[in-house]
Amino acid sequence: GGGGEEDGEGGPDGMPLARREDGGEVESLVKAHVWGHPRGNFSSVFVFPYDSRTRTCSVIRQYCPGTGRRETSLPGGRWDGSSSARGGADLLEAARTELRAEAGLDGGTWVALCPDGIPQDANSKNRVHPFLVIDSQMNMPLGGKDGVEVEHGVRLDEVMRRVYAGEMLGPAAMASMMALDKLNQLNL
């Protein structure tokens, strides 16, 4: 993983030592590189924008340095815990800001799909906070800002094809599947 803060008492090599949270005895100590994005308040948001009139959604395509190619994702980004341009006073405001900045959409009915967030992985302090927004409206045309391309009117079966083909980034794929499940529950 990439840098960030570490927790726990350090071992001989400076790596934190993981201990059981229940206070029970530990048979062995585990060395783990615990990482995260403290500038992102260890949180990121991803938004699944759904249009109930057309039964489609909006996704973005962007260049991803990790894979070296353009990938499908959802509007989203790190939450910085402040009221700066790319953050927000809270996670919902951060999600609204990302939706506006990356997809040119505003408003709608918002659903926090997992209010406490989901751990990114075993060694990360980062948490992913997925949102569903229903019937947001275009507020400005976008012209590939920061290399981000917006695709409006994407069919839901196409979203699932991209998820299962490995063409969508992991957190966006997870948020998409959770959003589709919620839409099914809401009969939308």
# chains A, B, ... in the order shown; residues from 1 in each chain; ligands from 1
$ residues_around --residues "Pro115 (chain A)" --least-positions-apart "5" --cutoff "10 Å" --atoms "only C-alpha atoms" --output "PyMOL selection string"
chain A and resi 91-92+128-131
$ residues_around --residues "Ala103 (chain A)" --least-positions-apart "6" --cutoff "12 Å" --atoms "only C-alpha atoms" --output "ChimeraX atom specification"
/A:46-49,57-62,73-76,95-97,136-146,148-152
$ closest_residue --among "A:Pro171, A:Gly166, A:Gly108, A:Pro65" --to "Val133 (chain A)" --atoms "only C-alpha atoms"
A:Gly108
$ closest_residue --among "A:Gly77, A:Gly170, A:Arg70, A:Thr56" --to "Gln120 (chain A)" --atoms "only C-alpha atoms"
A:Gly170
$ select_by_dssp --residues "region 47-167 of chain A" --states "alpha helix (DSSP H)" --output "PDB file with N, CA and C atoms, in the first residue's frame"
ATOM      1  N   LEU A  91     -19.670  13.876   5.129  1.00  0.00           N
ATOM      2  CA  LEU A  91     -19.536  12.941   4.010  1.00  0.00           C
ATOM      3  C   LEU A  91     -20.576  13.194   2.921  1.00  0.00           C
ATOM      4  N   LEU A  92     -21.802  13.507   3.301  1.00  0.00           N
ATOM      5  CA  LEU A  92     -22.835  13.778   2.295  1.00  0.00           C
ATOM      6  C   LEU A  92     -22.455  15.008   1.468  1.00  0.00           C
ATOM      7  N   GLU A  93     -21.966  16.042   2.121  1.00  0.00           N
ATOM      8  CA  GLU A  93     -21.553  17.232   1.379  1.00  0.00           C
ATOM      9  C   GLU A  93     -20.374  16.904   0.461  1.00  0.00           C
ATOM     10  N   ALA A  94     -19.452  16.064   0.932  1.00  0.00           N
ATOM     11  CA  ALA A  94     -18.331  15.637   0.091  1.00  0.00           C
ATOM     12  C   ALA A  94     -18.846  14.875  -1.131  1.00  0.00           C
ATOM     13  N   ALA A  95     -19.835  13.996  -0.926  1.00  0.00           N
ATOM     14  CA  ALA A  95     -20.416  13.233  -2.040  1.00  0.00           C
ATOM     15  C   ALA A  95     -21.097  14.175  -3.034  1.00  0.00           C
ATOM     16  N   ARG A  96     -21.830  15.162  -2.533  1.00  0.00           N
ATOM     17  CA  ARG A  96     -22.484  16.144  -3.419  1.00  0.00           C
ATOM     18  C   ARG A  96     -21.445  16.927  -4.220  1.00  0.00           C
ATOM     19  N   THR A  97     -20.351  17.313  -3.553  1.00  0.00           N
ATOM     20  CA  THR A  97     -19.288  18.069  -4.211  1.00  0.00           C
ATOM     21  C   THR A  97     -18.651  17.248  -5.319  1.00  0.00           C
ATOM     22  N   GLU A  98     -18.363  15.976  -5.054  1.00  0.00           N
ATOM     23  CA  GLU A  98     -17.748  15.100  -6.060  1.00  0.00           C
ATOM     24  C   GLU A  98     -18.691  14.876  -7.239  1.00  0.00           C
ATOM     25  N   LEU A  99     -19.979  14.680  -6.966  1.00  0.00           N
ATOM     26  CA  LEU A  99     -20.958  14.469  -8.036  1.00  0.00           C
ATOM     27  C   LEU A  99     -21.018  15.698  -8.940  1.00  0.00           C
ATOM     28  N   ARG A 100     -21.030  16.867  -8.339  1.00  0.00           N
ATOM     29  CA  ARG A 100     -21.079  18.115  -9.101  1.00  0.00           C
ATOM     30  C   ARG A 100     -19.796  18.294  -9.917  1.00  0.00           C
ATOM     31  N   ALA A 101     -18.647  18.079  -9.286  1.00  0.00           N
ATOM     32  CA  ALA A 101     -17.359  18.324  -9.943  1.00  0.00           C
ATOM     33  C   ALA A 101     -17.061  17.324 -11.051  1.00  0.00           C
ATOM     34  N   GLU A 102     -17.414  16.057 -10.844  1.00  0.00           N
ATOM     35  CA  GLU A 102     -17.018  15.026 -11.808  1.00  0.00           C
ATOM     36  C   GLU A 102     -18.091  14.662 -12.819  1.00  0.00           C
ATOM     37  N   ALA A 103     -19.363  14.840 -12.459  1.00  0.00           N
ATOM     38  CA  ALA A 103     -20.425  14.436 -13.390  1.00  0.00           C
ATOM     39  C   ALA A 103     -21.346  15.578 -13.785  1.00  0.00           C
ATOM     40  N   LEU A 156     -28.149  -0.375 -16.742  1.00  0.00           N
ATOM     41  CA  LEU A 156     -27.721  -1.078 -15.540  1.00  0.00           C
ATOM     42  C   LEU A 156     -27.073  -2.423 -15.857  1.00  0.00           C
ATOM     43  N   ASP A 157     -27.551  -3.105 -16.915  1.00  0.00           N
ATOM     44  CA  ASP A 157     -26.902  -4.368 -17.280  1.00  0.00           C
ATOM     45  C   ASP A 157     -25.482  -4.123 -17.793  1.00  0.00           C
ATOM     46  N   GLU A 158     -25.234  -2.965 -18.386  1.00  0.00           N
ATOM     47  CA  GLU A 158     -23.884  -2.613 -18.831  1.00  0.00           C
ATOM     48  C   GLU A 158     -22.974  -2.337 -17.629  1.00  0.00           C
ATOM     49  N   VAL A 159     -23.530  -1.714 -16.594  1.00  0.00           N
ATOM     50  CA  VAL A 159     -22.750  -1.512 -15.366  1.00  0.00           C
ATOM     51  C   VAL A 159     -22.311  -2.864 -14.809  1.00  0.00           C
ATOM     52  N   MET A 160     -23.237  -3.800 -14.720  1.00  0.00           N
ATOM     53  CA  MET A 160     -22.899  -5.120 -14.173  1.00  0.00           C
ATOM     54  C   MET A 160     -21.915  -5.853 -15.076  1.00  0.00           C
ATOM     55  N   ARG A 161     -22.034  -5.691 -16.378  1.00  0.00           N
ATOM     56  CA  ARG A 161     -21.062  -6.317 -17.275  1.00  0.00           C
ATOM     57  C   ARG A 161     -19.665  -5.795 -16.966  1.00  0.00           C
ATOM     58  N   ARG A 162     -19.545  -4.478 -16.792  1.00  0.00           N
ATOM     59  CA  ARG A 162     -18.239  -3.887 -16.486  1.00  0.00           C
ATOM     60  C   ARG A 162     -17.708  -4.359 -15.135  1.00  0.00           C
ATOM     61  N   VAL A 163     -18.602  -4.481 -14.150  1.00  0.00           N
ATOM     62  CA  VAL A 163     -18.177  -4.982 -12.832  1.00  0.00           C
ATOM     63  C   VAL A 163     -17.587  -6.380 -12.981  1.00  0.00           C
ATOM     64  N   TYR A 164     -18.325  -7.292 -13.612  1.00  0.00           N
ATOM     65  CA  TYR A 164     -17.887  -8.690 -13.710  1.00  0.00           C
ATOM     66  C   TYR A 164     -16.755  -8.899 -14.706  1.00  0.00           C
TER      67      TYR A 164
END
$ residues_around --residues "Arg127 (chain A)" --least-positions-apart "4" --cutoff "6 Å" --atoms "only C-alpha atoms" --output "PyMOL selection string"
chain A and resi 43+117-120
$ closest_residue --among "A:Asp90, A:Tyr50, A:Arg78, A:Asn126" --to "Ala179 (chain A)" --atoms "only C-alpha atoms"
A:Tyr50
$ atom_distance --atom1 "CA of Ser44 (chain A)" --atom2 "CA of Val111 (chain A)"
15.7 Å
